[in-house]
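File shown: coords-v1.cif (mmCIF, N, CA and C atoms).
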```
data_target
loop_
_atom_site.label_atom_id
_atom_site.label_comp_id
_atom_site.auth_asym_id
_atom_site.auth_seq_id
_atom_site.Cartn_x
_atom_site.Cartn_y
_atom_site.Cartn_z
N MET A 105 0.82 -1.18 0.00
CA MET A 105 0.00 0.00 0.00
C MET A 105 0.87 1.25 0.00
N ASP A 106 1.93 1.24 0.78
CA ASP A 106 2.81 2.41 0.80
C ASP A 106 3.38 2.69 -0.59
N GLN A 107 3.70 1.63 -1.34
CA GLN A 107 4.24 1.83 -2.68
C GLN A 107 3.24 2.59 -3.56
N LEU A 108 1.98 2.27 -3.42
CA LEU A 108 0.95 2.98 -4.19
C LEU A 108 0.90 4.45 -3.82
N THR A 109 1.03 4.76 -2.55
CA THR A 109 0.91 6.15 -2.13
C THR A 109 2.15 6.96 -2.49
N TYR A 110 3.30 6.32 -2.55
CA TYR A 110 4.54 7.05 -2.87
C TYR A 110 4.76 7.17 -4.37
N ASN A 111 4.56 6.07 -5.09
CA ASN A 111 4.78 6.07 -6.55
C ASN A 111 4.08 4.85 -7.14
N TYR A 112 2.85 5.01 -7.54
CA TYR A 112 2.09 3.87 -8.05
C TYR A 112 2.71 3.29 -9.32
N ARG A 113 3.47 4.10 -10.05
CA ARG A 113 4.07 3.62 -11.30
C ARG A 113 5.14 2.56 -11.06
N ALA A 114 5.69 2.53 -9.86
CA ALA A 114 6.71 1.54 -9.53
C ALA A 114 6.12 0.28 -8.89
N ALA A 115 4.83 0.30 -8.59
CA ALA A 115 4.17 -0.85 -7.96
C ALA A 115 3.84 -1.91 -9.00
N LYS A 116 3.73 -3.14 -8.56
CA LYS A 116 3.35 -4.24 -9.45
C LYS A 116 1.83 -4.26 -9.55
N LEU A 117 1.31 -3.72 -10.65
CA LEU A 117 -0.12 -3.62 -10.87
C LEU A 117 -0.51 -4.32 -12.15
N THR A 118 -1.77 -4.75 -12.23
CA THR A 118 -2.29 -5.27 -13.48
C THR A 118 -2.50 -4.09 -14.42
N LEU A 119 -2.73 -4.36 -15.68
CA LEU A 119 -2.98 -3.28 -16.64
C LEU A 119 -4.23 -2.49 -16.25
N LYS A 120 -5.23 -3.18 -15.75
CA LYS A 120 -6.47 -2.51 -15.35
C LYS A 120 -6.23 -1.62 -14.13
N GLN A 121 -5.48 -2.11 -13.16
CA GLN A 121 -5.17 -1.31 -11.98
C GLN A 121 -4.33 -0.08 -12.35
N ARG A 122 -3.39 -0.27 -13.26
CA ARG A 122 -2.54 0.83 -13.69
C ARG A 122 -3.38 1.90 -14.40
N ALA A 123 -4.31 1.46 -15.25
CA ALA A 123 -5.18 2.40 -15.95
C ALA A 123 -6.01 3.22 -14.96
N LEU A 124 -6.49 2.58 -13.92
CA LEU A 124 -7.28 3.28 -12.91
C LEU A 124 -6.42 4.30 -12.15
N CYS A 125 -5.21 3.92 -11.80
CA CYS A 125 -4.30 4.86 -11.12
C CYS A 125 -3.93 6.01 -12.04
N ASP A 126 -3.68 5.71 -13.32
CA ASP A 126 -3.37 6.78 -14.27
C ASP A 126 -4.54 7.76 -14.37
N TYR A 127 -5.75 7.22 -14.40
CA TYR A 127 -6.94 8.07 -14.47
C TYR A 127 -7.06 8.96 -13.24
N ALA A 128 -6.92 8.36 -12.07
CA ALA A 128 -7.03 9.12 -10.83
C ALA A 128 -5.96 10.21 -10.76
N TYR A 129 -4.76 9.89 -11.18
CA TYR A 129 -3.70 10.89 -11.20
C TYR A 129 -4.04 12.03 -12.16
N PHE A 130 -4.47 11.67 -13.36
CA PHE A 130 -4.73 12.68 -14.38
C PHE A 130 -5.84 13.63 -13.95
N VAL A 131 -6.94 13.09 -13.45
CA VAL A 131 -8.06 13.97 -13.07
C VAL A 131 -7.73 14.80 -11.82
N THR A 132 -6.73 14.37 -11.07
CA THR A 132 -6.28 15.13 -9.92
C THR A 132 -5.32 16.24 -10.34
N ALA A 133 -4.35 15.88 -11.17
CA ALA A 133 -3.31 16.83 -11.56
C ALA A 133 -3.75 17.79 -12.67
N TYR A 134 -4.63 17.33 -13.54
CA TYR A 134 -5.03 18.12 -14.70
C TYR A 134 -6.55 18.14 -14.89
N PRO A 135 -7.30 18.57 -13.89
CA PRO A 135 -8.76 18.47 -14.00
C PRO A 135 -9.34 19.25 -15.18
N GLN A 136 -8.75 20.38 -15.52
CA GLN A 136 -9.27 21.19 -16.62
C GLN A 136 -8.99 20.55 -17.97
N GLU A 137 -8.04 19.65 -18.04
CA GLU A 137 -7.67 19.02 -19.31
C GLU A 137 -8.31 17.65 -19.51
N THR A 138 -9.13 17.23 -18.56
CA THR A 138 -9.78 15.93 -18.66
C THR A 138 -10.80 15.94 -19.79
N THR A 139 -10.70 14.94 -20.67
CA THR A 139 -11.61 14.82 -21.81
C THR A 139 -12.13 13.40 -21.89
N ALA A 140 -12.88 13.13 -22.92
CA ALA A 140 -13.41 11.78 -23.15
C ALA A 140 -12.28 10.78 -23.37
N LYS A 141 -11.10 11.25 -23.73
CA LYS A 141 -9.96 10.35 -23.93
C LYS A 141 -9.65 9.56 -22.67
N GLN A 142 -9.71 10.22 -21.50
CA GLN A 142 -9.42 9.51 -20.25
C GLN A 142 -10.46 8.42 -19.98
N VAL A 143 -11.70 8.70 -20.29
CA VAL A 143 -12.76 7.69 -20.14
C VAL A 143 -12.53 6.54 -21.11
N ASP A 144 -12.16 6.87 -22.34
CA ASP A 144 -11.90 5.83 -23.34
C ASP A 144 -10.74 4.93 -22.93
N LEU A 145 -9.72 5.50 -22.28
CA LEU A 145 -8.60 4.69 -21.81
C LEU A 145 -9.06 3.69 -20.74
N LEU A 146 -9.99 4.11 -19.90
CA LEU A 146 -10.54 3.18 -18.90
C LEU A 146 -11.36 2.09 -19.58
N ARG A 147 -12.16 2.47 -20.56
CA ARG A 147 -12.94 1.46 -21.30
C ARG A 147 -12.01 0.46 -21.99
N ASP A 148 -10.94 0.97 -22.59
CA ASP A 148 -9.97 0.09 -23.26
C ASP A 148 -9.32 -0.87 -22.28
N ALA A 149 -9.22 -0.47 -21.02
CA ALA A 149 -8.62 -1.33 -20.00
C ALA A 149 -9.61 -2.34 -19.43
N GLY A 150 -10.90 -2.21 -19.82
CA GLY A 150 -11.89 -3.19 -19.39
C GLY A 150 -12.92 -2.69 -18.39
N PHE A 151 -12.94 -1.40 -18.13
CA PHE A 151 -13.93 -0.86 -17.20
C PHE A 151 -15.25 -0.59 -17.91
N ASN A 152 -16.35 -0.86 -17.21
CA ASN A 152 -17.67 -0.54 -17.78
C ASN A 152 -18.10 0.84 -17.30
N ASP A 153 -19.22 1.33 -17.81
CA ASP A 153 -19.66 2.69 -17.50
C ASP A 153 -19.91 2.89 -16.01
N HIS A 154 -20.48 1.89 -15.34
CA HIS A 154 -20.73 2.02 -13.91
C HIS A 154 -19.42 2.15 -13.14
N GLU A 155 -18.43 1.34 -13.49
CA GLU A 155 -17.13 1.40 -12.81
C GLU A 155 -16.43 2.74 -13.07
N ILE A 156 -16.56 3.26 -14.28
CA ILE A 156 -15.96 4.55 -14.61
C ILE A 156 -16.64 5.67 -13.82
N LEU A 157 -17.95 5.62 -13.72
CA LEU A 157 -18.67 6.61 -12.93
C LEU A 157 -18.24 6.56 -11.48
N GLU A 158 -18.11 5.35 -10.94
CA GLU A 158 -17.69 5.19 -9.55
C GLU A 158 -16.26 5.71 -9.34
N ALA A 159 -15.36 5.41 -10.27
CA ALA A 159 -13.98 5.90 -10.18
C ALA A 159 -13.96 7.43 -10.22
N SER A 160 -14.78 8.00 -11.08
CA SER A 160 -14.84 9.46 -11.19
C SER A 160 -15.37 10.09 -9.91
N PHE A 161 -16.40 9.47 -9.35
CA PHE A 161 -16.96 9.99 -8.11
C PHE A 161 -15.94 9.94 -6.98
N ILE A 162 -15.25 8.82 -6.84
CA ILE A 162 -14.28 8.66 -5.76
C ILE A 162 -13.12 9.63 -5.92
N ALA A 163 -12.59 9.73 -7.13
CA ALA A 163 -11.48 10.68 -7.36
C ALA A 163 -11.94 12.11 -7.07
N GLY A 164 -13.12 12.46 -7.54
CA GLY A 164 -13.63 13.81 -7.31
C GLY A 164 -13.86 14.09 -5.83
N PHE A 165 -14.41 13.11 -5.12
CA PHE A 165 -14.68 13.30 -3.70
C PHE A 165 -13.38 13.47 -2.92
N PHE A 166 -12.39 12.63 -3.19
CA PHE A 166 -11.12 12.75 -2.48
C PHE A 166 -10.43 14.07 -2.82
N ASN A 167 -10.49 14.48 -4.07
CA ASN A 167 -9.89 15.76 -4.44
C ASN A 167 -10.58 16.91 -3.73
N PHE A 168 -11.90 16.84 -3.64
CA PHE A 168 -12.66 17.88 -2.94
C PHE A 168 -12.25 17.94 -1.47
N THR A 169 -12.27 16.79 -0.80
CA THR A 169 -11.98 16.80 0.64
C THR A 169 -10.52 17.19 0.91
N ASN A 170 -9.60 16.72 0.08
CA ASN A 170 -8.20 17.09 0.28
C ASN A 170 -7.98 18.58 0.10
N ARG A 171 -8.61 19.16 -0.90
CA ARG A 171 -8.46 20.60 -1.11
C ARG A 171 -9.13 21.40 0.00
N TRP A 172 -10.25 20.92 0.47
CA TRP A 172 -10.95 21.60 1.56
C TRP A 172 -10.11 21.56 2.84
N VAL A 173 -9.56 20.40 3.15
CA VAL A 173 -8.73 20.27 4.35
C VAL A 173 -7.49 21.15 4.22
N SER A 174 -6.89 21.21 3.03
CA SER A 174 -5.74 22.08 2.83
C SER A 174 -6.12 23.54 3.04
N MET A 175 -7.31 23.90 2.59
CA MET A 175 -7.77 25.28 2.69
C MET A 175 -7.94 25.71 4.15
N ILE A 176 -8.47 24.83 4.99
CA ILE A 176 -8.71 25.22 6.38
C ILE A 176 -7.47 25.01 7.25
N GLY A 177 -6.43 24.38 6.69
CA GLY A 177 -5.18 24.22 7.43
C GLY A 177 -5.23 23.20 8.54
N ALA A 178 -6.06 22.17 8.37
CA ALA A 178 -6.15 21.13 9.39
C ALA A 178 -4.82 20.40 9.54
N VAL A 179 -4.47 20.07 10.77
CA VAL A 179 -3.22 19.34 11.05
C VAL A 179 -3.61 18.00 11.66
N PRO A 180 -3.08 16.88 11.10
CA PRO A 180 -3.41 15.58 11.66
C PRO A 180 -2.83 15.42 13.06
N ASN A 181 -3.38 14.48 13.79
CA ASN A 181 -2.86 14.24 15.13
C ASN A 181 -1.41 13.74 15.04
N PRO A 182 -0.63 13.87 16.10
CA PRO A 182 0.80 13.57 16.04
C PRO A 182 1.14 12.13 15.61
N GLY A 183 0.29 11.17 15.89
CA GLY A 183 0.59 9.79 15.54
C GLY A 183 0.17 9.38 14.14
N HIS A 184 -0.44 10.28 13.40
CA HIS A 184 -1.01 9.94 12.09
C HIS A 184 0.03 9.37 11.12
N TYR A 185 1.16 10.03 10.96
CA TYR A 185 2.12 9.62 9.93
C TYR A 185 2.89 8.36 10.28
N SER A 186 2.94 8.00 11.54
CA SER A 186 3.67 6.79 11.93
C SER A 186 2.73 5.62 12.23
N HIS A 187 1.44 5.84 12.10
CA HIS A 187 0.45 4.79 12.42
C HIS A 187 0.60 3.59 11.49
N ASN A 188 0.75 2.42 12.06
CA ASN A 188 0.86 1.15 11.31
C ASN A 188 2.01 1.12 10.31
N ARG A 189 3.09 1.79 10.57
CA ARG A 189 4.24 1.76 9.66
C ARG A 189 5.48 1.37 10.40
#
```
Will you turn the file into structure tokens for me?
Amino acid sequence: MDQLTYNYRAAKLTLKQRALCDYAYFVTAYPQETTAKQVDLLRDAGFNDHEILEASFIAGFFNFTNRWVSMIGAVPNPGHYSHNR
């Protein structure tokens, strides 16, 4: 799991998993540049419309909450970064 959070490109993933990570990265880093091409790449990897909608919702929700938390300057509790590591 740590490998995914640090650099998913170096993790051992299936083609479908890699496509999903690429999608999540792209819509996070380049939201204004997201087009139907990103959806087509997920379809090419084997995702159906329901799975693509769910991936989009999850990426959007996490991006929203992360940006909101950054905006208010919330600080995690002291044990957060060392928890279970």
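Interatomic distance, atom N of A:Leu117 against atom CA of A:Ala149: 13.8 Å.
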- Apply DSSP to the backbone of this structure and, from chain A, keep only the residues in alpha helix (DSSP H); write these as an MDAnalysis selection string. chainID A and resid 106:111 119:133 140:148 153:176
- Among the residues A:Asp106, A:Ala178, A:Phe151, A:Glu137, the one that comes closest to A:Gln121 [using only C-alpha atoms]: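 Closest residue, counting only C-alpha atoms: A:Phe151.
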- Selected by the PyMOL selection byres ((chain A and resi 120) around 8) in the shown coordinates: which residues, as a list in words? Leu117, Thr118, Leu119, Gln121, Arg122, Ala123, Leu124, Cys125, Asp126, Leu146, Asp148, Ala149, Gly150 and Phe151 of chain A
May I have the centre and edge lengths, in Å to one decimal, of an axis-aligned box around the listed atoms of stretch 167-173 of chain A with 8 Å added to every side, as AutoDock Vina command-line options?
```
--center_x -10.1 --center_y 18.0 --center_z 0.0 --size_x 21.2 --size_y 23.1 --size_z 24.8
```
- Pick the closest to A:Asn167 from A:Gln136, A:Lys141, A:Val131, A:Lys116: which is it, counting only N, CA and C atoms?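 Residue with the minimum atom-to-atom distance to A:Asn167: A:Val131.
Atom pair atom CA of A:Ala128 / atom CA of A:Gly164 has a distance of 8.8 Å (rounded to one decimal).
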